[in-house]
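Report on the following structure.
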6 protein chains.
Amino acid sequence: MLMSVILGLPKGSLQDATFNMMRKAGFNVQAGSRSYVPSVDDPALQCRLIRPQEISRYVELGLLDAGITGYDWIYENNSDVVEISEMCYSKATSRPVRWVLAVPNDSAIQSVKDLQGKRIATEAVGLTRRYLAQHGVEAEVEFSWGATEVKAPELVDAIVELTETGSSLRANNLRIMDVVLESTTRLIANKKAWQDAAKRAKVEQIALLLAGALAAETRVLLKMNVPAASLQAVVAKLPALHTPTVMPLNDAGWHAIESVVEERVVREIVPLLRKAGAEGIIELPLNKVVL
Amino acid sequence: MLMSVILGLPKGSLQDATFNMMRKAGFNVQAGSRSYVPSVDDPALQCRLIRPQEISRYVELGLLDAGITGYDWIYENNSDVVEISEMCYSKATSRPVRWVLAVPNDSAIQSVKDLQGKRIATEAVGLTRRYLAQHGVEAEVEFSWGATEVKAPELVDAIVELTETGSSLRANNLRIMDVVLESTTRLIANKKAWQDAAKRAKVEQIALLLAGALAAETRVLLKMNVPAASLQAVVAKLPALHTPTVMPLNDAGWHAIESVVEERVVREIVPLLRKAGAEGIIELPLNKVVL
Amino acid sequence: MLMSVILGLPKGSLQDATFNMMRKAGFNVQAGSRSYVPSVDDPALQCRLIRPQEISRYVELGLLDAGITGYDWIYENNSDVVEISEMCYSKATSRPVRWVLAVPNDSAIQSVKDLQGKRIATEAVGLTRRYLAQHGVEAEVEFSWGATEVKAPELVDAIVELTETGSSLRANNLRIMDVVLESTTRLIANKKAWQDAAKRAKVEQIALLLAGALAAETRVLLKMNVPAASLQAVVAKLPALHTPTVMPLNDAGWHAIESVVEERVVREIVPLLRKAGAEGIIELPLNKVVL
Amino acid sequence: MLMSVILGLPKGSLQDATFNMMRKAGFNVQAGSRSYVPSVDDPALQCRLIRPQEISRYVELGLLDAGITGYDWIYENNSDVVEISEMCYSKATSRPVRWVLAVPNDSAIQSVKDLQGKRIATEAVGLTRRYLAQHGVEAEVEFSWGATEVKAPELVDAIVELTETGSSLRANNLRIMDVVLESTTRLIANKKAWQDAAKRAKVEQIALLLAGALAAETRVLLKMNVPAASLQAVVAKLPALHTPTVMPLNDAGWHAIESVVEERVVREIVPLLRKAGAEGIIELPLNKVVL
Amino acid sequence: MLMSVILGLPKGSLQDATFNMMRKAGFNVQAGSRSYVPSVDDPALQCRLIRPQEISRYVELGLLDAGITGYDWIYENNSDVVEISEMCYSKATSRPVRWVLAVPNDSAIQSVKDLQGKRIATEAVGLTRRYLAQHGVEAEVEFSWGATEVKAPELVDAIVELTETGSSLRANNLRIMDVVLESTTRLIANKKAWQDAAKRAKVEQIALLLAGALAAETRVLLKMNVPAASLQAVVAKLPALHTPTVMPLNDAGWHAIESVVEERVVREIVPLLRKAGAEGIIELPLNKVVL
Amino acid sequence: MLMSVILGLPKGSLQDATFNMMRKAGFNVQAGSRSYVPSVDDPALQCRLIRPQEISRYVELGLLDAGITGYDWIYENNSDVVEISEMCYSKATSRPVRWVLAVPNDSAIQSVKDLQGKRIATEAVGLTRRYLAQHGVEAEVEFSWGATEVKAPELVDAIVELTETGSSLRANNLRIMDVVLESTTRLIANKKAWQDAAKRAKVEQIALLLAGALAAETRVLLKMNVPAASLQAVVAKLPALHTPTVMPLNDAGWHAIESVVEERVVREIVPLLRKAGAEGIIELPLNKVVL
């Protein structure tokens, strides 16, 4: 019978972004009628849709061979797993998310030390307790079933909460006192599965293609034609990260240059490239970049 | 300064039904821009929107004077509060919800005793542990962050899960092995607040009007005209629950009858009332019934 | 075992209106997950959701005991069934729908005779052929799978099409040349089922309550107080259809009048009732009117 | 040919509420395919859908016989029309709307006098200029095409803007400095049409029924049974506004009481009525109240 | 006057996919206000929106010059038309759709022979009758107006129904007994129009560009740089279907390779290409592929 | 402190298209919670969301450094600003929009001269008055708050209204008598800001990149391989606008050709290119074209 890797994918807020990245990587994942088992067009792969809070637990137990989940929940669960790669994508931005300690704007609490004997609400009880222990503070940490940011000051003294932009905290008149943990998305594997050559090859293939798809998210291909005299000047304006590809044209003395660049630098370098002598500059979208 | 009762209302699946019942009771509750503090058109009342899992905890602590929440979470939290009244309404039906112990259709587990040493997923860890202890069973109970019904058999052996109709369980090939707890919605109060005459009067007013609005949900007013000769026969067909109101008409020998009846019996008694001699039978909707 | 009547309900454009009327009649019909078998809260009734085009066929065959469908399809299918009652309701209006013969505004065709040898598109092939035969006209009638009103003049010479308001015909530059059939909704029964006393009683109960609910759709209850001197004048302004109910008040010389009236006459009679001496006129909504 | 009154109805934010009130009054108005001419089921009435800003202008010119519009725009346009009745309804609340003068929270402007030489944005240029003239202030008033509340302080010094709850102003860090005009909805008529007996009768009919429908919006019917001994005490608890209707019951010594009351007082009086001896208290919804 | 080809496009479930393919092919088709005549930005082309069941009939009659429709309906209608090309696209998948003979899971019917004397429901009466005739079976075939899959076993013994994935059949407890017809989308032409050189050229242009757009749906462009020593090994890993394009770079001894490949093989070959010596592998999306 | 250009963007119907073009140009503009100040990922740029009617006024006053708005409103406001570039994009099409003078189909008005003494409704009062003055016509021009096209003939004699396709005018039975103004979108700058070198460089960068993004909207990249013998013939078929790029292949005697072409010519030239000897023709999408 065929080897098949069981991969946990995060149900909920990261789900759409993750399915999207998997599809861009070349694995067509579809949430089917039984949403726990999405279909995937690779007989060597099975997917499971599981809350990100729980994925690392089941990877550690070996009920999943691999999983995509946030570092925060790996840490909260204290899971003993192999981290294969880090991927910066999320619901809204490509920056890491942060678990922060926040108190009401007008609270007397000014530092973590002031939390001694107070009550703190959070969805990440373990993470919060470890943080308080590191600071030698004893406080009551209560599990919050949601809407944590409205609880201070009426129901609790402080909260530990996930934030991407801080706007929900501001809207609730809270100020951030400390960053408890920064977290990005990770591809993880079970330790035993990682020793299995076939499973490891499949997980590495997924990692390579996800990296290629993610790299393409923020990059584009720039193409332009350049006379020999300008070649050096033009190449000098291109970011040093990847060596540009230079090809001779039929038209003697002219060259075609192609270069993969970060999309966000295009608006800065296009005026410079033109000034340096590049002609016919065009920008093309990319599906994958595997350097 | 004015006395004001602080009432916790359940955020989430019960929220719309609860707001609706409050409005029918005469209290216009609106979820405002800061959803934690809905507006209400009664200066002697303040509302707070809180997860039903947490309401009884905060009522017990006195951070809320009263609350509307499910009996299941009062029991799970083991909260020491006053239960004022029971209200049969919910998202979908007017029957109690049930927390059930369920296993895969083809599982070897046949009774709670077979759970010895197994792993069980649930959102109600306390309730599940108490149930197992009552049966003298030791098993690993793990907190489930959601989608519990897809976890058996791959991730756990059994689940304890809330169900209204059982359809989600059936769709996941699970069978119900036992009912762990039946639960309805309750109006509860903090013990100390209940001793405060003004607060108690306000909570009792809310209880009376909620009961009146709930009673009207399933009842209608039947009116009809009846000649004296038929009066006894017609009245005999009306449900005995509430005595019908009988009034003389100008037209000598005729009477008007009005009776509040359960809506679901109308289709049975209308043919009987006609046969017994009632004329001009009309049915009117009701807003409140306070008997 | 319990007797149970199988009732066909029309799937599609009449479905919501029919379910609504059934619920108002007191039968809570819900389209379940298998939409062919809606649930209903009466153990003596089973429902089936079937295209209105096909219901009379299956009632005739006895696969259904009764059905709600349009007269047009009973006629098209030439079905041998019992018609219990006629109900004027539909998707948009309470008027009968019409199957009309329509041609392009600028067509040379002026009467049905001019259709000799032409091509006609319609969803109701049988009905159209019978109509042509009655007029001694031979023409090619082709079944239209939909969007019939766009086919003339490019694809066919004329169409026979269902219309409520005529607006779709006007929008397609068609003029109505003749009304082929007027149709309303009917409750029908299988001939053999109608001989079965228990089934007949259930079908008659449904007919009575549907009629009561439909009557309430367009009626309201008017109540007012009237001094003895004005009693005759006020009663004279009330529609003669149903005798008003007159009751003595405690306040000697005053009477209360109640009368079920068509909602559409209220705007005309309220000014007249006031002028005639009525006071405190109020209008109440009705659920059912069984006279 | 039939006399027919042409009535302007407000297109836009008041449209749904107005159509709704017209339907409750007994006139079934439907926005048809050409939205300028809604259909109405009264051959003696024609409707036109026009921006509320323009209705009074066209009523004054006699292009409309009557109209429903806000007092603010009658005033802004300085229109010479007959005001028939005032109706307190609007998009969100039943309170009057207000045109207010607002400035940024941290603006140095403290009174209308400080606006001398400043720039003010508003949709109601005429109203604003008249207000400034009354206060002897000269300032530049510029017409705002919308989103006026975001313009201060960057683009203008102050704004004159419509507000119902003030929440949009607060969200834009503006404070209200003065109320320039309070406005409610009005039924108005052209002066010449008002002299025409037939047209006047039709407009008065509309006014009467709109008032009846509006009154019913906030009222309900309370019914209860009372023993003779309690009759006086119970009646004393009912609001004095409308005399309750009292009827003798067959059951000697008992009476039925009916009273139209404001819905908002029900929650206060129901406990009092019970204490005073009322039994079987029920509350019914009302369609119209014409006292 | 200009020659213009009239092309029938399928209204309904294939419509969006077809419009999409036409736009990708370079013909901007928009369903306008009169949906029968979509606009198209080519003066030599007119489009008509017609049910796919009817297109081949009107192409055969010459009322349309060409059409896009399913093979199933060409066969059902037995239409005498020219088939230009086959296109594998549909609502949900790129596989052919199938008309299957299905019976209830627990039916005694095991082969087509067992249908003798039974009743079968289908939307494709002609196709079903021809199929039965080929098997020497006589059965009653009744036209189904829709929801065919719910009819067996209660209303009929078997159905002949269209399926893409079989999930609707499974959900209705039916098993597939035979495939009656496989069908894909076809571009067809009227026989006489096909003899007209100008019309034929336009139809062939549409066929070429549709094929180019369809080919690009499942293909991407892979680009990479390769040192001379690895050139042969890298090229060997590329699918043999299309010869890759190899260009010299300025950087002596290096080459750029470009190859159009099926998107679904990318995830397999990228790891192999890297191992074989390819660098800077990028994948680009394609609009058209005309080989 | 950093220099920062303040750019006005048009709120309303042009907003989505403008944000989209800005993002394609490389500036990630997002409408934030305070919609007046969208966020943008360039510290040297600030955006303001303002009605297009008002942008040129605030650019002239210097409250904005630059703005994107329609030429029609620059003209209506008679604003003294610098026009940097013209951009043909809009809500629905890439053609200019037109302000037209329209009258009812059956109006006696045949030319602008016939408007003498008439009443005209328009949202662009200034533009209309200037147009009438140019024709020596005196008429009453009244400001229309919207739905202008329904006003003629009942409320006014003619209208001056914006139209893209004319369909709304036709639907209201109006005919276009004259085009008053054609308008496209423009990038404009304040005269003083334009003298500031840093601000000018930023505005020019925006102009260059917007032009590059707009050019890419309607263009694609065609690539193909050609044997030497066909090179001239193939190049001759490519539009002369941009010189194609020709590169030698490893395969002696073969060349690769790349050319940016208008998307709308692809369907015409692909058949010609193939006939001329091109092989492996592929079309790729473009993000930017800066020639």
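Here's how to read the names in the structure tokens: chain A, B, ... by the order shown, residue numbers from 1 in each chain, ligand numbers from 1 in the order shown.
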task = Specify as a PyMOL selection string all residues of chain A found within 7 Å of chain E, counting only C-alpha atoms.
result = chain A and resi 26+209+246-248+285-291
Mind writing the picked residues with N, CA, C and O atoms as a PDB file, in the first residue's frame?
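Output (result26.pdb):
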ATOM      1  N   GLY A  26       0.960  24.113  -5.340  1.00  0.00           N
ATOM      2  CA  GLY A  26       0.688  23.042  -6.297  1.00  0.00           C
ATOM      3  C   GLY A  26      -0.159  21.916  -5.746  1.00  0.00           C
ATOM      4  O   GLY A  26      -0.370  20.903  -6.430  1.00  0.00           O
ATOM      5  N   LEU A 209       8.047  23.845  -1.960  1.00  0.00           N
ATOM      6  CA  LEU A 209       7.062  24.478  -2.840  1.00  0.00           C
ATOM      7  C   LEU A 209       6.308  25.587  -2.126  1.00  0.00           C
ATOM      8  O   LEU A 209       5.986  26.611  -2.723  1.00  0.00           O
ATOM      9  N   VAL A 246      21.242  38.105 -18.027  1.00  0.00           N
ATOM     10  CA  VAL A 246      21.512  39.012 -19.149  1.00  0.00           C
ATOM     11  C   VAL A 246      21.692  38.188 -20.411  1.00  0.00           C
ATOM     12  O   VAL A 246      22.460  37.235 -20.435  1.00  0.00           O
ATOM     13  N   MET A 247      20.928  38.552 -21.460  1.00  0.00           N
ATOM     14  CA  MET A 247      20.989  37.802 -22.723  1.00  0.00           C
ATOM     15  C   MET A 247      21.290  38.738 -23.877  1.00  0.00           C
ATOM     16  O   MET A 247      20.780  39.855 -23.897  1.00  0.00           O
ATOM     17  N   PRO A 248      22.085  38.272 -24.842  1.00  0.00           N
ATOM     18  CA  PRO A 248      22.327  39.106 -26.032  1.00  0.00           C
ATOM     19  C   PRO A 248      21.080  39.132 -26.913  1.00  0.00           C
ATOM     20  O   PRO A 248      20.354  38.152 -26.986  1.00  0.00           O
ATOM     21  N   PRO A 285       3.862  39.166 -13.321  1.00  0.00           N
ATOM     22  CA  PRO A 285       3.582  38.459 -12.070  1.00  0.00           C
ATOM     23  C   PRO A 285       4.244  37.085 -12.064  1.00  0.00           C
ATOM     24  O   PRO A 285       4.496  36.508 -13.113  1.00  0.00           O
ATOM     25  N   LEU A 286       4.501  36.556 -10.878  1.00  0.00           N
ATOM     26  CA  LEU A 286       5.158  35.254 -10.717  1.00  0.00           C
ATOM     27  C   LEU A 286       4.288  34.313  -9.898  1.00  0.00           C
ATOM     28  O   LEU A 286       3.592  34.733  -8.971  1.00  0.00           O
ATOM     29  N   ASN A 287       4.333  33.043 -10.224  1.00  0.00           N
ATOM     30  CA  ASN A 287       3.640  32.027  -9.420  1.00  0.00           C
ATOM     31  C   ASN A 287       4.559  31.420  -8.370  1.00  0.00           C
ATOM     32  O   ASN A 287       4.128  31.105  -7.271  1.00  0.00           O
ATOM     33  N   LYS A 288       5.797  31.187  -8.748  1.00  0.00           N
ATOM     34  CA  LYS A 288       6.754  30.559  -7.822  1.00  0.00           C
ATOM     35  C   LYS A 288       8.144  31.093  -8.084  1.00  0.00           C
ATOM     36  O   LYS A 288       8.499  31.390  -9.228  1.00  0.00           O
ATOM     37  N   VAL A 289       8.924  31.186  -7.027  1.00  0.00           N
ATOM     38  CA  VAL A 289      10.336  31.580  -7.123  1.00  0.00           C
ATOM     39  C   VAL A 289      11.134  30.589  -6.285  1.00  0.00           C
ATOM     40  O   VAL A 289      11.024  30.589  -5.049  1.00  0.00           O
ATOM     41  N   VAL A 290      11.903  29.722  -6.960  1.00  0.00           N
ATOM     42  CA  VAL A 290      12.734  28.737  -6.246  1.00  0.00           C
ATOM     43  C   VAL A 290      14.184  29.004  -6.615  1.00  0.00           C
ATOM     44  O   VAL A 290      14.619  28.640  -7.700  1.00  0.00           O
ATOM     45  N   LEU A 291      14.879  29.682  -5.717  1.00  0.00           N
ATOM     46  CA  LEU A 291      16.241  30.143  -6.086  1.00  0.00           C
ATOM     47  C   LEU A 291      17.312  29.138  -5.683  1.00  0.00           C
ATOM     48  O   LEU A 291      17.014  28.087  -5.127  1.00  0.00           O
TER      49      LEU A 291
END
request  = Any chance you could list, as an MDAnalysis selection string, the residues in segment 102-281 of chain A that come up strand (DSSP E) when DSSP is run on the backbone?
outcome  = chainID A and resid 102:104 119:122 140:143 158:163 174:183 185:189 219:227 245:248 254:262 279:281
key: Point-to-point distance in Å for atom CA of Val141 of chain F and atom CA of Thr128 of chain F   =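 So the answer is 7.4 Å.
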request  = Would you return as a PyMOL selection string the members of segment 141-276 of chain B that DSSP assigns to helix (DSSP H, G or I) on this structure's backbone?
outcome  = chain B and resi 148-150+167-171+191-195+197-217+228-237+263-276
Next, the residues of the selection above should be written as an mmCIF file, in the first residue's frame with C-alpha atoms.
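Result file result.cif:
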data_model
loop_
_atom_site.group_PDB
_atom_site.id
_atom_site.type_symbol
_atom_site.label_atom_id
_atom_site.label_comp_id
_atom_site.auth_asym_id
_atom_site.auth_seq_id
_atom_site.Cartn_x
_atom_site.Cartn_y
_atom_site.Cartn_z
ATOM 1 C CA THR B 148 -15.315 18.220 18.605
ATOM 2 C CA GLU B 149 -17.628 15.940 16.646
ATOM 3 C CA VAL B 150 -15.028 15.261 13.927
ATOM 4 C CA SER B 167 -27.975 15.746 13.198
ATOM 5 C CA SER B 168 -24.336 16.862 13.440
ATOM 6 C CA LEU B 169 -23.517 13.700 15.384
ATOM 7 C CA ARG B 170 -25.235 11.508 12.794
ATOM 8 C CA ALA B 171 -23.445 13.320 9.974
ATOM 9 C CA LYS B 191 -26.778 35.978 46.314
ATOM 10 C CA LYS B 192 -26.046 39.356 47.830
ATOM 11 C CA ALA B 193 -27.846 41.309 45.132
ATOM 12 C CA TRP B 194 -30.882 39.112 45.721
ATOM 13 C CA GLN B 195 -31.001 40.352 49.322
ATOM 14 C CA ALA B 197 -34.867 44.836 47.857
ATOM 15 C CA ALA B 198 -34.538 47.277 44.946
ATOM 16 C CA LYS B 199 -32.345 44.963 42.913
ATOM 17 C CA ARG B 200 -34.582 42.004 43.666
ATOM 18 C CA ALA B 201 -37.682 43.922 42.533
ATOM 19 C CA LYS B 202 -35.996 44.775 39.233
ATOM 20 C CA VAL B 203 -34.876 41.162 38.666
ATOM 21 C CA GLU B 204 -38.375 39.912 39.521
ATOM 22 C CA GLN B 205 -39.901 42.409 37.084
ATOM 23 C CA ILE B 206 -37.614 41.107 34.328
ATOM 24 C CA ALA B 207 -38.532 37.514 35.239
ATOM 25 C CA LEU B 208 -42.282 38.264 35.141
ATOM 26 C CA LEU B 209 -42.135 40.013 31.770
ATOM 27 C CA LEU B 210 -39.804 37.456 30.186
ATOM 28 C CA ALA B 211 -42.222 34.744 31.287
ATOM 29 C CA GLY B 212 -45.141 36.733 29.821
ATOM 30 C CA ALA B 213 -43.340 37.192 26.510
ATOM 31 C CA LEU B 214 -42.272 33.544 26.358
ATOM 32 C CA ALA B 215 -45.791 32.336 27.111
ATOM 33 C CA ALA B 216 -47.112 34.475 24.241
ATOM 34 C CA GLU B 217 -44.620 32.893 21.816
ATOM 35 C CA ALA B 228 -76.722 30.007 24.465
ATOM 36 C CA ALA B 229 -77.730 26.485 23.563
ATOM 37 C CA SER B 230 -74.233 25.639 22.408
ATOM 38 C CA LEU B 231 -72.317 27.460 25.128
ATOM 39 C CA GLN B 232 -71.565 24.429 27.265
ATOM 40 C CA ALA B 233 -70.585 22.245 24.327
ATOM 41 C CA VAL B 234 -68.218 24.853 22.926
ATOM 42 C CA VAL B 235 -66.564 25.597 26.259
ATOM 43 C CA ALA B 236 -66.045 21.861 26.730
ATOM 44 C CA LYS B 237 -63.890 21.758 23.590
ATOM 45 C CA GLU B 263 -51.166 27.667 18.999
ATOM 46 C CA ARG B 264 -50.460 24.007 18.272
ATOM 47 C CA VAL B 265 -53.951 22.860 19.386
ATOM 48 C CA VAL B 266 -55.822 25.325 17.151
ATOM 49 C CA ARG B 267 -55.728 23.044 14.123
ATOM 50 C CA GLU B 268 -57.371 20.272 16.194
ATOM 51 C CA ILE B 269 -60.055 22.277 17.997
ATOM 52 C CA VAL B 270 -61.283 24.623 15.255
ATOM 53 C CA PRO B 271 -63.165 21.826 13.431
ATOM 54 C CA LEU B 272 -64.583 20.663 16.799
ATOM 55 C CA LEU B 273 -65.661 24.174 17.857
ATOM 56 C CA ARG B 274 -67.493 24.686 14.587
ATOM 57 C CA LYS B 275 -69.257 21.366 14.948
ATOM 58 C CA ALA B 276 -70.228 22.306 18.523
#
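Residues surrounding segment 97-108 of chain B within 8 Å are Ala152, Pro153, Asp157, Ala158, Ile159, Val160, Glu161, Leu162, Thr163, Glu164, Leu169, Asn173, Leu174, Arg175, Ile176, Met177, Asp178, Val179, Val180, Leu181, Glu182, Ser183 and Thr184 of chain B [only C-alpha atoms; sequence separation below 5 positions excluded].
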inquiry  = Just the number, please: distance in Å from atom CA of Ser144 of chain D to atom CA of Glu123 of chain F, one decimal.
reply    =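 Atom-to-atom, atom CA of Ser144 of chain D to atom CA of Glu123 of chain F, that is 12.9 Å.
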query = Could you pull the residues within 12 Å of Val37 of chain A, counting only C-alpha atoms, minus those fewer than 2 positions along the same chain, as a list of chain:residue names?
reply =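 Surrounding residues, per the criterion: A:Ile6, A:Leu7, A:Gly8, A:Leu9, A:Pro10, A:Lys11, A:Val29, A:Gln30, A:Ala31, A:Gly32, A:Ser33, A:Arg34, A:Ser35, A:Ser39, A:Val40, A:Leu45, A:Gln46, A:Cys47, A:Arg48, A:Leu49, A:Ile50, B:Val150, B:Lys151, B:Glu154, B:Asn172.
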query = So what do you get for atom CA of Arg119 of chain B versus atom CA of Tyr71 of chain A, distance-wise?
reply =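 These atoms are spaced 25.4 Å apart.
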